[in-house]
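Novice: One file is attached below, input15.pdb, containing PDB, C-alpha atoms and all ligand atoms.
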```
ATOM      1  CA  MET A 996       3.429  -0.535 -15.306
ATOM      2  CA  TYR A 997       1.219   0.193 -12.304
ATOM      3  CA  GLU A 998       0.184   3.619 -13.595
ATOM      4  CA  ASP A 999      -0.920   2.148 -16.935
ATOM      5  CA  LEU A1000      -3.152  -0.510 -15.322
ATOM      6  CA  LEU A1001      -4.550   1.482 -12.396
ATOM      7  CA  PRO A1002      -4.317   5.155 -13.457
ATOM      8  CA  HIS A1003      -5.880   7.869 -11.299
ATOM      9  CA  THR A1004      -8.069   8.836 -14.266
ATOM     10  CA  LEU A1005     -10.197   5.662 -13.965
ATOM     11  CA  PRO A1006     -13.752   6.541 -12.854
ATOM     12  CA  THR A1007     -13.552   4.069  -9.952
ATOM     13  CA  GLU A1008      -9.989   4.845  -8.825
ATOM     14  CA  ALA A1009     -10.770   7.504  -6.199
ATOM     15  CA  GLU A1010     -13.272   5.139  -4.589
ATOM     16  CA  ARG A1011     -10.803   2.211  -4.723
ATOM     17  CA  LEU A1012      -8.109   4.318  -3.041
ATOM     18  CA  ASP A1013     -10.597   5.597  -0.427
ATOM     19  CA  ARG A1014     -11.562   2.017   0.428
ATOM     20  CA  MET A1015      -7.901   1.043   0.680
ATOM     21  CA  ALA A1016      -7.277   3.953   3.037
ATOM     22  CA  HIS A1017     -10.319   3.039   5.173
ATOM     23  CA  ALA A1018      -9.041  -0.540   5.387
ATOM     24  CA  HIS A1019      -5.438   0.255   6.314
ATOM     25  CA  ASP A1020      -5.354   3.656   7.998
ATOM     26  CA  PRO A1021      -6.046   2.265  11.515
ATOM     27  CA  ASP A1022      -2.948   0.000  11.414
ATOM     28  CA  THR A1023      -0.822   2.698   9.767
ATOM     29  CA  PHE A1024      -1.848   5.350  12.287
ATOM     30  CA  ALA A1025      -1.219   3.014  15.265
ATOM     31  CA  THR A1026       2.246   2.183  13.892
ATOM     32  CA  ILE A1027       3.153   5.849  13.394
ATOM     33  CA  GLU A1028       1.795   6.794  16.840
ATOM     34  CA  ARG A1029       4.201   4.319  18.477
ATOM     35  CA  LEU A1030       7.168   6.197  16.971
ATOM     36  CA  ASN A1031       6.719   9.351  19.098
ATOM     37  CA  LEU A1032       7.526  11.773  16.294
ATOM     38  CA  PRO A1033       8.669  15.270  17.258
ATOM     39  CA  LYS A1034       5.862  17.864  17.220
ATOM     40  CA  ASN A1035       7.636  19.743  14.417
ATOM     41  CA  ALA A1036       8.349  16.598  12.361
ATOM     42  CA  HIS A1037       9.150  16.893   8.681
ATOM     43  CA  CYS A1038       7.244  14.078   6.980
ATOM     44  CA  LEU A1039       7.046  12.643   3.471
ATOM     45  CA  ASP A1040       4.289  10.319   2.233
ATOM     46  CA  ILE A1041       5.389   8.543  -0.966
ATOM     47  CA  GLY A1042       2.699   7.289  -3.363
ATOM     48  CA  ALA A1043       0.129   9.088  -1.234
ATOM     49  CA  GLY A1044      -2.922   8.203  -3.356
ATOM     50  CA  ARG A1045      -5.853  10.096  -1.753
ATOM     51  CA  GLY A1046      -3.461  11.505   0.869
ATOM     52  CA  SER A1047      -5.254  10.062   3.906
ATOM     53  CA  VAL A1048      -2.012   9.422   5.824
ATOM     54  CA  ALA A1049      -0.476  12.796   4.941
ATOM     55  CA  ILE A1050      -3.707  14.594   5.908
ATOM     56  CA  TRP A1051      -3.904  12.712   9.226
ATOM     57  CA  LEU A1052      -0.250  13.548   9.973
ATOM     58  CA  ALA A1053      -0.783  17.237   9.240
ATOM     59  CA  GLN A1054      -3.902  17.301  11.454
ATOM     60  CA  THR A1055      -2.394  15.234  14.286
ATOM     61  CA  LEU A1056       0.873  17.196  14.378
ATOM     62  CA  PRO A1057      -0.177  20.799  13.604
ATOM     63  CA  GLY A1058       3.448  21.935  14.097
ATOM     64  CA  SER A1059       4.727  19.498  11.495
ATOM     65  CA  ASP A1060       5.512  20.017   7.860
ATOM     66  CA  VAL A1061       4.054  17.243   5.684
ATOM     67  CA  ILE A1062       4.557  16.509   1.983
ATOM     68  CA  ALA A1063       2.078  14.269   0.126
ATOM     69  CA  SER A1064       3.859  12.977  -2.961
ATOM     70  CA  ASP A1065       2.813  10.756  -5.829
ATOM     71  CA  LEU A1066       3.463  10.157  -9.515
ATOM     72  CA  ASP A1067       0.039  11.699 -10.072
ATOM     73  CA  LEU A1068      -1.264  14.103  -7.425
ATOM     74  CA  SER A1069      -4.731  14.507  -8.911
ATOM     75  CA  SER A1070      -6.367  12.105  -6.421
ATOM     76  CA  VAL A1071      -5.148  13.827  -3.245
ATOM     77  CA  LYS A1072      -8.231  15.027  -1.353
ATOM     78  CA  LYS A1073      -8.745  18.793  -1.282
ATOM     79  CA  ASN A1074      -7.931  20.312   2.108
ATOM     80  CA  THR A1075      -7.036  23.634   3.684
ATOM     81  CA  LEU A1076      -4.173  22.436   5.868
ATOM     82  CA  SER A1077      -1.395  25.036   5.803
ATOM     83  CA  ASN A1078       1.251  22.493   6.914
ATOM     84  CA  LEU A1079       0.530  20.072   4.042
ATOM     85  CA  SER A1080       2.064  20.521   0.609
ATOM     86  CA  LEU A1081       2.024  18.421  -2.550
ATOM     87  CA  LYS A1082       5.069  17.336  -4.541
ATOM     88  CA  LYS A1083       5.257  15.160  -7.613
ATOM     89  CA  ILE A1084       7.815  12.443  -6.863
ATOM     90  CA  ASP A1085       8.536   9.409  -9.025
ATOM     91  CA  LEU A1086      10.232   7.012  -6.663
ATOM     92  CA  ARG A1087      12.004   5.338  -9.589
ATOM     93  CA  CYS A1088      14.094   8.342 -10.509
ATOM     94  CA  ASP A1089      13.560  11.419  -8.327
ATOM     95  CA  ASP A1090      16.040  12.417  -5.646
ATOM     96  CA  LEU A1091      14.599  12.318  -2.108
ATOM     97  CA  GLY A1092      17.378  14.463  -0.640
ATOM     98  CA  SER A1093      19.670  13.834   2.278
ATOM     99  CA  GLU A1094      18.852  13.947   6.039
ATOM    100  CA  VAL A1095      15.590  15.822   5.436
ATOM    101  CA  TYR A1096      12.775  13.821   7.076
ATOM    102  CA  ASP A1097      11.753  12.643  10.552
ATOM    103  CA  LEU A1098       9.272  10.271   8.883
ATOM    104  CA  VAL A1099       8.973   8.720   5.436
ATOM    105  CA  HIS A1100       5.834   6.689   4.857
ATOM    106  CA  CYS A1101       4.675   4.521   1.974
ATOM    107  CA  ARG A1102       1.921   1.925   1.641
ATOM    108  CA  ALA A1103       1.270  -0.461  -1.240
ATOM    109  CA  VAL A1104       3.859   1.247  -3.437
ATOM    110  CA  LEU A1105       7.224  -0.567  -3.276
ATOM    111  CA  CYS A1106       5.845  -3.932  -4.414
ATOM    112  CA  PHE A1107       4.923  -2.371  -7.781
ATOM    113  CA  LEU A1108       8.391  -0.942  -8.452
ATOM    114  CA  PRO A1109      11.111  -2.874 -10.276
ATOM    115  CA  THR A1110      13.722  -1.032  -8.163
ATOM    116  CA  ARG A1111      11.879  -1.724  -4.893
ATOM    117  CA  THR A1112      15.022  -2.778  -2.998
ATOM    118  CA  GLU A1113      17.306  -0.078  -4.390
ATOM    119  CA  VAL A1114      14.943   2.755  -3.426
ATOM    120  CA  LEU A1115      15.297   1.751   0.228
ATOM    121  CA  SER A1116      18.835   3.219   0.180
ATOM    122  CA  ALA A1117      17.461   6.519  -1.131
ATOM    123  CA  ILE A1118      14.767   6.478   1.584
ATOM    124  CA  LEU A1119      17.386   5.730   4.284
ATOM    125  CA  LYS A1120      19.541   8.609   3.032
ATOM    126  CA  SER A1121      16.559  10.993   3.041
ATOM    127  CA  LEU A1122      15.924  10.386   6.759
ATOM    128  CA  LYS A1123      17.541  12.410   9.502
ATOM    129  CA  PRO A1124      19.609  10.245  11.896
ATOM    130  CA  GLY A1125      17.009   8.525  14.098
ATOM    131  CA  GLY A1126      14.267   9.318  11.566
ATOM    132  CA  ALA A1127      11.602   6.659  10.950
ATOM    133  CA  PHE A1128      10.396   4.778   7.892
ATOM    134  CA  VAL A1129       6.958   3.126   7.900
ATOM    135  CA  ALA A1130       5.991   0.849   5.023
ATOM    136  CA  THR A1131       3.047  -1.475   4.488
ATOM    137  CA  GLU A1132       3.545  -3.905   1.627
ATOM    138  CA  MET A1133       1.657  -6.896   0.341
ATOM    139  CA  ASP A1134       2.517 -10.325   1.711
ATOM    140  CA  PHE A1135       0.545 -12.931  -0.220
ATOM    141  CA  ARG A1136       2.414 -15.924   1.289
ATOM    142  CA  GLN A1137      -0.542 -17.342   3.186
ATOM    143  CA  ILE A1138      -3.325 -16.758   0.707
ATOM    144  CA  ALA A1139      -3.177 -20.380  -0.445
ATOM    145  CA  SER A1140      -4.497 -21.405   2.978
ATOM    146  CA  GLY A1141      -7.889 -19.889   2.049
ATOM    147  CA  PRO A1142     -11.196 -21.740   2.285
ATOM    148  CA  SER A1143     -10.838 -23.989  -0.745
ATOM    149  CA  ARG A1144      -8.549 -25.292  -3.459
ATOM    150  CA  PHE A1145     -10.295 -22.852  -5.782
ATOM    151  CA  TRP A1146      -9.185 -19.910  -3.612
ATOM    152  CA  ALA A1147      -5.542 -21.037  -3.697
ATOM    153  CA  MET A1148      -5.763 -21.583  -7.460
ATOM    154  CA  PHE A1149      -7.372 -18.188  -8.041
ATOM    155  CA  TRP A1150      -4.782 -16.200  -6.083
ATOM    156  CA  THR A1151      -1.922 -18.223  -7.553
ATOM    157  CA  ALA A1152      -3.188 -17.139 -10.978
ATOM    158  CA  TYR A1153      -3.368 -13.542  -9.723
ATOM    159  CA  LEU A1154       0.233 -13.783  -8.471
ATOM    160  CA  GLU A1155       1.318 -15.034 -11.910
ATOM    161  CA  PHE A1156      -0.377 -12.025 -13.506
ATOM    162  CA  ALA A1157       1.351  -9.732 -10.977
ATOM    163  CA  ALA A1158       4.750 -11.286 -11.708
ATOM    164  CA  SER A1159       4.160 -10.716 -15.440
ATOM    165  CA  GLN A1160       3.819  -6.995 -14.622
ATOM    166  CA  GLY A1161       7.016  -6.978 -12.562
ATOM    167  CA  TRP A1162       5.048  -6.684  -9.299
ATOM    168  CA  ASP A1163       6.245  -8.609  -6.251
ATOM    169  CA  LEU A1164       3.213  -9.219  -4.043
ATOM    170  CA  GLU A1165       5.307 -11.198  -1.558
ATOM    171  CA  PHE A1166       7.688  -8.284  -1.042
ATOM    172  CA  GLY A1167       6.188  -7.538   2.380
ATOM    173  CA  ALA A1168       7.430 -10.899   3.646
ATOM    174  CA  ALA A1169      11.019 -10.088   2.680
ATOM    175  CA  LEU A1170      10.885  -6.438   3.713
ATOM    176  CA  PRO A1171      12.083  -6.702   7.361
ATOM    177  CA  GLY A1172      15.209  -8.607   6.267
ATOM    178  CA  ILE A1173      15.845  -6.241   3.367
ATOM    179  CA  LEU A1174      15.508  -3.241   5.693
ATOM    180  CA  ALA A1175      18.169  -4.787   7.941
ATOM    181  CA  LYS A1176      20.509  -5.400   4.980
ATOM    182  CA  SER A1177      19.889  -1.848   3.734
ATOM    183  CA  GLY A1178      21.197  -0.347   6.983
ATOM    184  CA  PHE A1179      17.979   0.384   8.911
ATOM    185  CA  THR A1180      17.737  -0.343  12.625
ATOM    186  CA  GLU A1181      14.913  -0.847  15.186
ATOM    187  CA  ILE A1182      12.986  -2.874  12.620
ATOM    188  CA  ASP A1183       9.505  -3.882  13.743
ATOM    189  CA  ALA A1184       7.077  -5.851  11.600
ATOM    190  CA  ARG A1185       3.644  -7.413  11.903
ATOM    191  CA  HIS A1186       1.779  -9.515   9.388
ATOM    192  CA  ILE A1187      -1.884  -8.661   8.879
ATOM    193  CA  GLN A1188      -4.230 -11.153   7.290
ATOM    194  CA  PRO A1189      -7.568  -9.420   6.642
ATOM    195  CA  ILE A1190     -10.703 -11.527   6.511
ATOM    196  CA  LEU A1191     -12.864 -10.493   3.577
ATOM    197  CA  ASN A1192     -16.535  -9.911   4.248
ATOM    198  CA  HIS A1193     -18.717  -7.622   2.229
ATOM    199  CA  SER A1194     -20.998  -6.199   4.902
ATOM    200  CA  GLY A1195     -20.999  -3.301   7.330
ATOM    201  CA  ASN A1196     -18.813  -0.204   7.415
ATOM    202  CA  THR A1197     -15.727  -1.921   8.804
ATOM    203  CA  ALA A1198     -12.076  -1.882   7.751
ATOM    204  CA  GLY A1199     -12.579  -5.492   6.604
ATOM    205  CA  ALA A1200     -15.521  -4.508   4.407
ATOM    206  CA  ALA A1201     -13.403  -1.694   2.921
ATOM    207  CA  GLU A1202     -10.630  -4.200   2.180
ATOM    208  CA  THR A1203     -13.212  -6.467   0.540
ATOM    209  CA  GLU A1204     -14.510  -3.625  -1.625
ATOM    210  CA  THR A1205     -10.925  -2.672  -2.557
ATOM    211  CA  TRP A1206     -10.306  -6.171  -3.910
ATOM    212  CA  SER A1207     -13.682  -6.252  -5.614
ATOM    213  CA  LEU A1208     -12.848  -3.009  -7.462
ATOM    214  CA  THR A1209      -9.234  -4.017  -8.165
ATOM    215  CA  LEU A1210     -10.180  -7.366  -9.694
ATOM    216  CA  ALA A1211     -13.036  -5.870 -11.723
ATOM    217  CA  THR A1212     -10.682  -3.176 -13.072
ATOM    218  CA  LEU A1213      -7.968  -5.678 -13.977
ATOM    219  CA  ALA A1214     -10.407  -8.146 -15.583
ATOM    220  CA  PRO A1215      -9.272  -7.407 -19.176
ATOM    221  CA  GLN A1216      -5.639  -8.162 -18.312
ATOM    222  CA  LEU A1217      -6.406 -11.135 -16.059
ATOM    223  CA  ILE A1218      -8.623 -12.820 -18.643
ATOM    224  CA  GLY A1219      -7.107 -11.426 -21.844
ATOM    225  CA  GLY A1220      -3.602 -12.332 -20.659
ATOM    226  CA  GLY A1221      -4.705 -15.950 -20.162
ATOM    227  CA  PHE A1222      -4.087 -15.980 -16.407
ATOM    228  CA  MET A1223      -7.645 -17.063 -15.614
ATOM    229  CA  THR A1224     -10.969 -17.715 -17.286
ATOM    230  CA  LYS A1225     -13.917 -15.350 -17.066
ATOM    231  CA  GLY A1226     -15.719 -18.022 -15.014
ATOM    232  CA  MET A1227     -12.888 -18.171 -12.492
ATOM    233  CA  LEU A1228     -12.932 -14.404 -11.998
ATOM    234  CA  THR A1229     -16.736 -14.368 -11.741
ATOM    235  CA  ASP A1230     -16.628 -17.131  -9.092
ATOM    236  CA  ALA A1231     -13.936 -15.300  -7.089
ATOM    237  CA  LEU A1232     -15.898 -12.035  -7.222
ATOM    238  CA  SER A1233     -19.062 -13.777  -6.071
ATOM    239  CA  ILE A1234     -17.182 -15.172  -3.035
ATOM    240  CA  ILE A1235     -15.725 -11.727  -2.290
ATOM    241  CA  ARG A1236     -19.101 -10.009  -2.689
ATOM    242  CA  ASN A1237     -21.061 -12.576  -0.650
ATOM    243  CA  PRO A1238     -22.095 -10.887   2.619
ATOM    244  CA  GLU A1239     -22.321 -14.291   4.301
ATOM    245  CA  ALA A1240     -18.798 -15.428   3.365
ATOM    246  CA  TRP A1241     -15.812 -14.843   5.671
ATOM    247  CA  THR A1242     -12.806 -15.523   3.514
ATOM    248  CA  THR A1243      -9.066 -15.139   4.029
ATOM    249  CA  GLY A1244      -7.798 -12.208   1.962
ATOM    250  CA  PRO A1245      -4.310 -11.321   0.772
ATOM    251  CA  GLY A1246      -1.996 -10.375   3.644
ATOM    252  CA  PHE A1247       0.124  -7.322   4.367
ATOM    253  CA  MET A1248       3.301  -6.639   6.345
ATOM    254  CA  VAL A1249       3.327  -3.439   8.335
ATOM    255  CA  THR A1250       6.914  -2.418   9.075
ATOM    256  CA  SER A1251       8.654   0.405  10.848
ATOM    257  CA  ALA A1252      12.381   1.075  11.038
ATOM    258  CA  ARG A1253      14.800   3.890  11.789
ATOM    259  CA  ARG A1254      17.935   5.367  10.327
ATOM    260  CA  PRO A1255      20.692   4.659  12.829
ATOM    261  CA  VAL A1256      21.874   7.621  14.910
ATOM    262  CA  GLY A1257      25.549   8.336  14.206
TER     263      GLY A1257
HETATM  264  C1  LIG B1301      -2.008   1.141  -4.338
HETATM  265  S1  LIG B1301      -1.921   2.876  -4.375
HETATM  266  C2  LIG B1301      -1.672   3.239  -2.653
HETATM  267  C3  LIG B1301      -2.100   4.633  -2.269
HETATM  268  C4  LIG B1301      -1.845   5.007  -0.796
HETATM  269  N1  LIG B1301      -0.444   4.823  -0.446
HETATM  270  C5  LIG B1301      -2.716   4.211   0.136
HETATM  271  O1  LIG B1301      -2.261   3.178   0.635
HETATM  272  O2  LIG B1301      -3.851   4.611   0.385
HETATM  273  C6  LIG B1301      -0.309   3.112  -5.051
HETATM  274  C7  LIG B1301       0.070   4.576  -5.213
HETATM  275  O3  LIG B1301       1.456   4.641  -5.596
HETATM  276  C8  LIG B1301       1.618   5.562  -6.642
HETATM  277  N2  LIG B1301       2.811   5.188  -7.399
HETATM  278  C9  LIG B1301       2.940   4.151  -8.280
HETATM  279  N3  LIG B1301       4.182   4.147  -8.788
HETATM  280  C10 LIG B1301       4.857   5.199  -8.218
HETATM  281  C11 LIG B1301       6.170   5.728  -8.339
HETATM  282  N4  LIG B1301       7.048   5.196  -9.192
HETATM  283  N5  LIG B1301       6.514   6.814  -7.618
HETATM  284  C12 LIG B1301       5.612   7.390  -6.787
HETATM  285  N6  LIG B1301       4.344   6.934  -6.614
HETATM  286  C13 LIG B1301       3.972   5.855  -7.323
HETATM  287  C14 LIG B1301       0.322   5.460  -7.436
HETATM  288  O4  LIG B1301       0.105   6.613  -8.220
HETATM  289  C15 LIG B1301      -0.715   5.266  -6.332
HETATM  290  O5  LIG B1301      -1.220   6.494  -5.855
END
```
As a first step, turn the structure in this file into structure tokens.

Specialist:
Amino acid sequence: MYEDLLPHTLPTEAERLDRMAHAHDPDTFATIERLNLPKNAHCLDIGAGRGSVAIWLAQTLPGSDVIASDLDLSSVKKNTLSNLSLKKIDLRCDDLGSEVYDLVHCRAVLCFLPTRTEVLSAILKSLKPGGAFVATEMDFRQIASGPSRFWAMFWTAYLEFAASQGWDLEFGAALPGILAKSGFTEIDARHIQPILNHSGNTAGAAETETWSLTLATLAPQLIGGGFMTKGMLTDALSIIRNPEAWTTGPGFMVTSARRPVG
């Protein structure tokens, strides 16, 4: 399970989650800004990690009421925001309530859950009529078009490892259609294909560092599970960490949708 492989107690996990937030917050914030939330919005961030989205929401909408939730809340950054509260929610089994939220957000969470499609019904139910759902999920479909046959082979091996854990790293590609089938409306989606380069203080560099840390952390399972050799992982990490390489990284789908009114 995700929490066994990438627990918040790992010494590098806070940094990995910070890098992920630095890489993806700009797209997430732009997507949420387009939704014109009410000033007093009631918002829920599921699988909040360091809480960057929940904190931004609470700061941007001071009249709102924001909940940062996660399986493990220990990584949420300390803050003094009076309109931000923490709640332990396990998306696999906890009730999200009915017609509570103007916004539910999650990023890089659903793809790790075996019940990723079923939970969309619970999320839909938790939204007020007209309330919005924003989700960013991995969409690895185009990774094979990277710079070399090695790159395609490496990420194919990574996908096989992910599948062995019950993770669906192509879930982002299917998400818009699944949202439609689940009863959402006003579905909007854009595919993002970050280019990995390990220099500067950019979102792309943060994405690169996220993958560098993720792959280094998962090395025992990737190699020990027979999905790749140590040499393959070392070669991939040296491409990722090369400041002169500009390499296609795994993609993401950023989606927004609403609960129908009436
Ligand atoms: C890849 S991190 C993403 C963190 C944050 N959403 C971000 O993008 O910066 C995945 C997060 O989902 C949480 N998570 C994993 N399984 C969960 C579950 N069943 N219910 C709630 N949160 C879960 C993890 O604890 C972790 O904080």

Novice: Please identify every residue of chain A that has at least one atom no farther than 9 Å from an atom of ligand LIG 1301 (chain B), counting only C-alpha atoms and all ligand atoms, and for each give the shortest atom pair and the distance in Å to one decimal, arranged by chain then increasing number, as a tab-separated table.

Specialist:
```
residue	atom	partner	partner_atom	distance
A:Met996	CA	B:LIG1301	N3	8.1
A:Tyr997	CA	B:LIG1301	C9	5.9
A:Glu998	CA	B:LIG1301	C9	6.0
A:Leu1001	CA	B:LIG1301	C14	8.0
A:Pro1002	CA	B:LIG1301	O4	7.0
A:His1003	CA	B:LIG1301	O4	6.8
A:Arg1011	CA	B:LIG1301	C1	8.9
A:Leu1012	CA	B:LIG1301	O2	5.5
A:Asp1013	CA	B:LIG1301	O2	6.9
A:Arg1014	CA	B:LIG1301	O2	8.1
A:Met1015	CA	B:LIG1301	O2	5.4
A:Ala1016	CA	B:LIG1301	O2	4.4
A:His1017	CA	B:LIG1301	O2	8.2
A:Ala1018	CA	B:LIG1301	O2	8.9
A:His1019	CA	B:LIG1301	O1	7.1
A:Asp1020	CA	B:LIG1301	O2	7.8
A:Asp1040	CA	B:LIG1301	N1	7.7
A:Ile1041	CA	B:LIG1301	C12	5.9
A:Gly1042	CA	B:LIG1301	N6	3.7
A:Ala1043	CA	B:LIG1301	N1	4.4
A:Gly1044	CA	B:LIG1301	O5	3.5
A:Arg1045	CA	B:LIG1301	O2	6.2
A:Gly1046	CA	B:LIG1301	C4	6.9
A:Ser1047	CA	B:LIG1301	O2	6.6
A:Val1048	CA	B:LIG1301	O2	7.5
A:Ser1064	CA	B:LIG1301	C12	7.0
A:Asp1065	CA	B:LIG1301	N6	4.2
A:Leu1066	CA	B:LIG1301	N6	4.4
A:Asp1067	CA	B:LIG1301	O4	5.4
A:Leu1068	CA	B:LIG1301	O4	7.7
A:Ser1070	CA	B:LIG1301	O5	7.6
A:Val1071	CA	B:LIG1301	O5	8.7
A:Lys1083	CA	B:LIG1301	C12	7.8
A:Ile1084	CA	B:LIG1301	C12	5.5
A:Asp1085	CA	B:LIG1301	N5	3.6
A:Leu1086	CA	B:LIG1301	N5	3.8
A:Arg1087	CA	B:LIG1301	N4	5.0
A:Cys1088	CA	B:LIG1301	N4	7.8
A:Asp1089	CA	B:LIG1301	N5	8.4
A:His1100	CA	B:LIG1301	N1	8.4
A:Cys1101	CA	B:LIG1301	N1	5.7
A:Arg1102	CA	B:LIG1301	N1	4.3
A:Ala1103	CA	B:LIG1301	C1	4.8
A:Val1104	CA	B:LIG1301	O3	4.7
A:Leu1105	CA	B:LIG1301	N3	7.9
A:Phe1107	CA	B:LIG1301	N3	6.6
A:Leu1108	CA	B:LIG1301	N4	6.3
A:Thr1131	CA	B:LIG1301	O1	8.0
```

Novice: Suppose you want the space between CA of Ser1093 (chain A) and CA of Met1248 (chain A); what is it in Å?

Specialist: 26.5 Å

Novice: Fewer than 4 positions away in the same chain doesn't count, so skip those; otherwise give me all residues within 10 Å of region 1205-1219 of chain A, counting all atoms listed in the file, as a ChimeraX atom specification.

Specialist: /A:1000-1001,1005,1007-1008,1010-1018,1152-1153,1155-1157,1191,1193,1199-1201,1223-1229,1231-1236,1244-1245

Novice: Once you add 3 Å to each side, what are the centre and edge lengths of the axis-aligned box holding all listed atoms of region 1042-1051 of chain A? One decimal in Å, as JSON, if you can.

Specialist:
```
{"center_x": -1.6, "center_y": 10.9, "center_z": 2.9, "size_x": 14.6, "size_y": 13.3, "size_z": 18.6}
```

Novice: Find the residue from A:Ile1138, A:Ala1130, A:Ala1049, A:Cys1106 that sits nearest to Phe1166 (chain A); use all atoms listed in the file when measuring.

Specialist: A:Cys1106

Novice: Using all atoms listed in the file, which protein or nucleic acid residues come within 10 Å of Leu1119 (chain A)? Drop anything in the same chain fewer than 3 positions from it, and give the result as number ranges by chain.

Specialist: A: 1091, 1093-1094, 1096, 1099, 1114-1116, 1122-1124, 1126-1128, 1174, 1177-1179, 1252-1255

Novice: At a cut-off of 8 Å, using all atoms listed in the file, what residues contact Thr1250 (chain A)? Leave out same-chain residues fewer than 5 positions from it and give the result as a ChimeraX atom specification.

Specialist: /A:1129-1131,1170-1171,1182-1185

Novice: I'd like to know which of A:Met1133, A:Val1249, A:Leu1030, A:Glu1239 is closest to Gly1195 (chain A), using all atoms listed in the file.

Specialist: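 Checking each candidate against Gly1195 (chain A), we get A:Glu1239 as the closest.
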
Novice: Rank A:Leu1081, A:Leu1098, A:Ile1173, A:Ala1025 by their smallest atom-to-atom distance to Leu1039 (chain A), using all atoms listed in the file, and report the top residue only.

Specialist: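 Closest to Leu1039 (chain A), using all atoms listed in the file: A:Leu1098.
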
Novice: As a check of understanding, name the residues that the PyMOL selection byres (((chain A and resi 1052) around 10) and not hetatm) selects in the supplied structure, as a ChimeraX atom specification.

Specialist: /A:1024,1027-1028,1036,1038-1040,1046-1051,1053-1057,1059-1062,1078-1079

Novice: If you measure from CA of Met1148 (chain A) to CA of Asp999 (chain A), what distance in Å do you get, rounded to one decimal?

Specialist: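 Interatomic distance, CA of Met1148 (chain A) to CA of Asp999 (chain A): 26.0 Å.
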
Novice: Enter the distance from CA of Ala1147 (chain A) to CA of Thr1243 (chain A), in Å, rounded to one decimal.

Specialist: 10.3 Å

Novice: From the set A:Glu1165, A:Asp1230, A:Glu1204, A:Asp1134, which residue has the shortest atom-to-atom contact distance to His1186 (chain A), counting all atoms listed in the file?

Specialist: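 With all atoms listed in the file as the atom set, the closest residue is A:Asp1134.
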
Novice: For each of A:Ala1063, A:Asp1090, A:Asp1022, A:Ser1077, take the minimum atom-to-atom distance to Ser1251 (chain A), counting all atoms listed in the file, then give the residue where this is smallest.

Specialist: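 Using all atoms listed in the file, the shortest distance to Ser1251 (chain A) belongs to A:Asp1022.
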